[in-house]
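First the structure, in the form of structure tokens, and then the observations on it.
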Amino acid sequence: MRARDLMTAFPAFTTPKDEIAKAAGVMRDREVGMLPVVEDEHGMRLVGVITDRDMAVRCLAEHHDGKCPVRAHMTSGALATVEPDDDVSMVLQLMSRAQVRRLPVVDDQQRLLGVIAQADILRKLAPEHPRDVIDVLEDISAAAPVRAHA
């Protein structure tokens with residue numbers, strides 16, 4: 001099985017210039033907790049992700065309003081992504097290692113093709129590979145190691 005077999009194709013997305021309130025509305029309407037952030041809707045090049053938690057912690061908890069641009073609160077840089085032909089074992093390893101609940105699927109030009117979420121893993125893998133799914137979900141949900149302050 002490949003990443004393309006697990007992913008939800010044509011996912012909802014946002015752009016860096018969209019307002020947080022608009023992105024939050026898309027999340028509400030599509031019942032998702034993460035939106036890929038693409039440079040623009042024509043090129044679809046992935047430049048980041050924004051989660052409902054990012055909105056709560058980075059925007060609302062800092063007393064910003066819903067007019068902030070997505071770029072101000074999104075995660076960018078070295079994102080955990082997979083390509084459509086990546087094997088499911090690689091997908092599971094990356095989700096476990098990066099402790100992420102959702103992975104964007106991109107092509108070799110970093111254009112967004114889909115998203116693999118925990119729900120996709122549960123629906124499509126759990127019946128045949130329950131132990132693998134349980135292991136991945138435990139890894140994703142594990143608390144990050146506590147770092148001592150110097």
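We name chains A, B, ... following the order of the structure tokens; residues begin at 1 in each chain, and ligands are numbered from 1 as shown.
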Within 10 Å of region 26-34 of chain A: each region 87-126 of chain A residue with its shortest pair, only C-alpha atoms, as JSON lines:
{"residue": "A:Arg101", "atom": "CA", "partner": "A:Met34", "partner_atom": "CA", "distance": 9.2}
{"residue": "A:Arg102", "atom": "CA", "partner": "A:Met34", "partner_atom": "CA", "distance": 7.6}
{"residue": "A:Leu103", "atom": "CA", "partner": "A:Met34", "partner_atom": "CA", "distance": 9.6}
{"residue": "A:Pro104", "atom": "CA", "partner": "A:Met34", "partner_atom": "CA", "distance": 9.9}
{"residue": "A:Val115", "atom": "CA", "partner": "A:Met34", "partner_atom": "CA", "distance": 9.5}
{"residue": "A:Ala117", "atom": "CA", "partner": "A:Met34", "partner_atom": "CA", "distance": 9.3}
Write a file of the selected residues as a PDB file, in the first residue's frame, keeping N, CA and C atoms.
ATOM      1  N   ARG A 101      -0.232  14.141  13.643  1.00  0.00           N
ATOM      2  CA  ARG A 101      -1.500  13.453  13.405  1.00  0.00           C
ATOM      3  C   ARG A 101      -1.932  13.506  11.947  1.00  0.00           C
ATOM      4  N   ARG A 102      -1.280  14.400  11.184  1.00  0.00           N
ATOM      5  CA  ARG A 102      -1.650  14.581   9.781  1.00  0.00           C
ATOM      6  C   ARG A 102      -0.391  14.864   8.968  1.00  0.00           C
ATOM      7  N   LEU A 103      -0.346  14.286   7.770  1.00  0.00           N
ATOM      8  CA  LEU A 103       0.795  14.495   6.872  1.00  0.00           C
ATOM      9  C   LEU A 103       0.313  14.977   5.516  1.00  0.00           C
ATOM     10  N   PRO A 104       0.834  16.102   5.041  1.00  0.00           N
ATOM     11  CA  PRO A 104       0.542  16.492   3.674  1.00  0.00           C
ATOM     12  C   PRO A 104       1.246  15.537   2.698  1.00  0.00           C
ATOM     13  N   VAL A 115      -3.840  14.755   1.921  1.00  0.00           N
ATOM     14  CA  VAL A 115      -3.472  14.726   3.335  1.00  0.00           C
ATOM     15  C   VAL A 115      -3.785  13.335   3.870  1.00  0.00           C
ATOM     16  N   ALA A 117      -4.481  11.590   7.420  1.00  0.00           N
ATOM     17  CA  ALA A 117      -4.802  11.883   8.816  1.00  0.00           C
ATOM     18  C   ALA A 117      -4.917  10.579   9.602  1.00  0.00           C
TER      19      ALA A 117
END
Checklist line | Spatial neighbours of Leu60 (chain A), 12 Å, only C-alpha atoms, chain gap at least 5 places, as a count of residues only | finding: 12
Check: Quick one: of A:Ile116, A:Val105, A:Val100, A:Ala142, who's nearest to Leu6 (chain A), counting only C-alpha atoms?
Finding: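 Looking at the shortest contact to Leu6 (chain A), the residue is A:Ile116.
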Item checked: Nearest-residue call for His64 (chain A), choices A:Ala3, A:Ser96, A:Glu19, A:Val47, using only C-alpha atoms ->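 Distance minimum relative to His64 (chain A) lands on A:Glu19.
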Next item on the list: Going by DSSP on the backbone, which bits of chain A are helix (DSSP H, G or I)? Write them as JSON, numbers by chain, please.
Entry: {"A": [3, 4, 5, 6, 20, 21, 22, 23, 24, 25, 26, 27, 28, 29, 30, 52, 53, 54, 55, 56, 57, 58, 59, 60, 61, 62, 70, 71, 72, 88, 89, 90, 91, 92, 93, 94, 95, 96, 97, 98, 118, 119, 120, 121, 122, 123, 124, 125, 130, 131, 132, 133, 134, 135, 136, 137, 138, 139, 140, 141]}
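Of the residues listed (A:Leu92, A:Gln110, A:Asp5, A:His63), A:Gln110 shows the shortest atom-to-atom separation from Ala78 (chain A); distances use only C-alpha atoms.
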Expected answer as an mmCIF file with N, CA and C atoms, in the first residue's frame: strand (DSSP E or B) residues in chain A:
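File written: selection06.cif
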data_model
loop_
_atom_site.group_PDB
_atom_site.id
_atom_site.type_symbol
_atom_site.label_atom_id
_atom_site.label_comp_id
_atom_site.auth_asym_id
_atom_site.auth_seq_id
_atom_site.Cartn_x
_atom_site.Cartn_y
_atom_site.Cartn_z
ATOM 1 N N ARG A 2 0.458 2.240 -0.691
ATOM 2 C CA ARG A 2 1.210 3.497 -0.850
ATOM 3 C C ARG A 2 0.467 4.650 -0.179
ATOM 4 N N THR A 8 -6.462 11.519 1.620
ATOM 5 C CA THR A 8 -7.661 12.195 1.146
ATOM 6 C C THR A 8 -7.182 13.166 0.080
ATOM 7 N N ALA A 9 -7.605 12.939 -1.148
ATOM 8 C CA ALA A 9 -7.186 13.797 -2.263
ATOM 9 C C ALA A 9 -7.988 15.089 -2.262
ATOM 10 N N THR A 14 -5.631 26.574 2.722
ATOM 11 C CA THR A 14 -5.678 28.018 2.895
ATOM 12 C C THR A 14 -4.397 28.594 2.306
ATOM 13 N N GLU A 19 -7.230 35.381 6.070
ATOM 14 C CA GLU A 19 -7.403 35.701 7.484
ATOM 15 C C GLU A 19 -7.625 34.415 8.291
ATOM 16 N N MET A 34 -6.642 20.596 10.698
ATOM 17 C CA MET A 34 -5.422 21.119 10.078
ATOM 18 C C MET A 34 -5.728 21.488 8.644
ATOM 19 N N LEU A 35 -5.145 22.590 8.207
ATOM 20 C CA LEU A 35 -5.210 22.972 6.801
ATOM 21 C C LEU A 35 -3.798 23.124 6.263
ATOM 22 N N PRO A 36 -3.510 22.510 5.126
ATOM 23 C CA PRO A 36 -2.263 22.825 4.446
ATOM 24 C C PRO A 36 -2.314 24.287 3.987
ATOM 25 N N VAL A 37 -1.187 24.944 4.008
ATOM 26 C CA VAL A 37 -1.095 26.322 3.530
ATOM 27 C C VAL A 37 -0.306 26.285 2.225
ATOM 28 N N VAL A 38 -0.965 26.715 1.141
ATOM 29 C CA VAL A 38 -0.314 26.721 -0.170
ATOM 30 C C VAL A 38 -0.019 28.152 -0.579
ATOM 31 N N ARG A 45 1.702 25.035 -4.299
ATOM 32 C CA ARG A 45 2.950 24.668 -3.634
ATOM 33 C C ARG A 45 2.792 24.832 -2.132
ATOM 34 N N LEU A 46 3.044 23.748 -1.387
ATOM 35 C CA LEU A 46 2.906 23.740 0.061
ATOM 36 C C LEU A 46 3.974 24.623 0.698
ATOM 37 N N VAL A 47 3.545 25.554 1.551
ATOM 38 C CA VAL A 47 4.484 26.421 2.253
ATOM 39 C C VAL A 47 4.342 26.323 3.772
ATOM 40 N N GLY A 48 3.333 25.591 4.236
ATOM 41 C CA GLY A 48 3.141 25.458 5.672
ATOM 42 C C GLY A 48 1.874 24.693 5.997
ATOM 43 N N VAL A 49 1.583 24.630 7.281
ATOM 44 C CA VAL A 49 0.323 24.051 7.766
ATOM 45 C C VAL A 49 -0.146 24.924 8.918
ATOM 46 N N ILE A 50 -1.446 24.905 9.147
ATOM 47 C CA ILE A 50 -1.998 25.581 10.326
ATOM 48 C C ILE A 50 -3.032 24.654 10.942
ATOM 49 N N THR A 51 -2.971 24.542 12.253
ATOM 50 C CA THR A 51 -3.887 23.663 12.973
ATOM 51 C C THR A 51 -4.829 24.497 13.839
ATOM 52 N N PRO A 69 -3.318 37.445 9.384
ATOM 53 C CA PRO A 69 -3.106 36.537 8.255
ATOM 54 C C PRO A 69 -2.606 35.176 8.748
ATOM 55 N N THR A 75 2.778 26.996 10.771
ATOM 56 C CA THR A 75 4.067 26.318 10.885
ATOM 57 C C THR A 75 4.626 26.204 9.482
ATOM 58 N N VAL A 82 5.043 13.522 2.807
ATOM 59 C CA VAL A 82 5.329 12.298 2.066
ATOM 60 C C VAL A 82 4.937 12.508 0.612
ATOM 61 N N ASP A 87 5.874 4.169 0.574
ATOM 62 C CA ASP A 87 5.249 2.993 1.166
ATOM 63 C C ASP A 87 4.591 3.348 2.493
ATOM 64 N N ARG A 102 -1.280 14.400 11.184
ATOM 65 C CA ARG A 102 -1.650 14.581 9.781
ATOM 66 C C ARG A 102 -0.391 14.864 8.968
ATOM 67 N N LEU A 103 -0.346 14.286 7.770
ATOM 68 C CA LEU A 103 0.795 14.495 6.872
ATOM 69 C C LEU A 103 0.313 14.977 5.516
ATOM 70 N N PRO A 104 0.834 16.102 5.041
ATOM 71 C CA PRO A 104 0.542 16.492 3.674
ATOM 72 C C PRO A 104 1.246 15.537 2.698
ATOM 73 N N VAL A 105 0.577 15.262 1.593
ATOM 74 C CA VAL A 105 1.159 14.466 0.515
ATOM 75 C C VAL A 105 1.455 15.441 -0.621
ATOM 76 N N VAL A 106 2.710 15.469 -1.063
ATOM 77 C CA VAL A 106 3.140 16.425 -2.085
ATOM 78 C C VAL A 106 3.858 15.693 -3.213
ATOM 79 N N ARG A 111 3.989 20.408 -4.608
ATOM 80 C CA ARG A 111 2.579 20.769 -4.816
ATOM 81 C C ARG A 111 1.700 19.822 -4.007
ATOM 82 N N LEU A 112 0.724 20.389 -3.336
ATOM 83 C CA LEU A 112 -0.179 19.623 -2.479
ATOM 84 C C LEU A 112 -1.065 18.702 -3.309
ATOM 85 N N LEU A 113 -1.073 17.418 -2.934
ATOM 86 C CA LEU A 113 -1.920 16.418 -3.594
ATOM 87 C C LEU A 113 -2.979 15.859 -2.665
ATOM 88 N N GLY A 114 -2.666 15.820 -1.356
ATOM 89 C CA GLY A 114 -3.598 15.231 -0.413
ATOM 90 C C GLY A 114 -3.096 15.358 1.002
ATOM 91 N N VAL A 115 -3.840 14.755 1.921
ATOM 92 C CA VAL A 115 -3.472 14.726 3.335
ATOM 93 C C VAL A 115 -3.785 13.335 3.870
ATOM 94 N N ILE A 116 -2.886 12.824 4.693
ATOM 95 C CA ILE A 116 -3.133 11.574 5.413
ATOM 96 C C ILE A 116 -3.324 11.942 6.876
ATOM 97 N N ALA A 117 -4.481 11.590 7.420
ATOM 98 C CA ALA A 117 -4.802 11.883 8.816
ATOM 99 C C ALA A 117 -4.917 10.579 9.602
#
Item checked: Best match for closeness to Lys17 (chain A) among A:Ala56, A:Ile134, A:Asp108, A:Met74, counting only C-alpha atoms -> A:Met74
Next item on the list: Select, from A:Val70, A:Val57, A:Met44, A:Met1, the residue with the minimum atom-to-atom distance to Lys22 (chain A), counting only C-alpha atoms.
Entry: A:Val70
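For the residues A:Ala23, A:Ile140, A:Met90, A:Leu122, ranking by smallest atom-to-atom distance to Arg71 (chain A) using only C-alpha atoms places A:Ala23 first.
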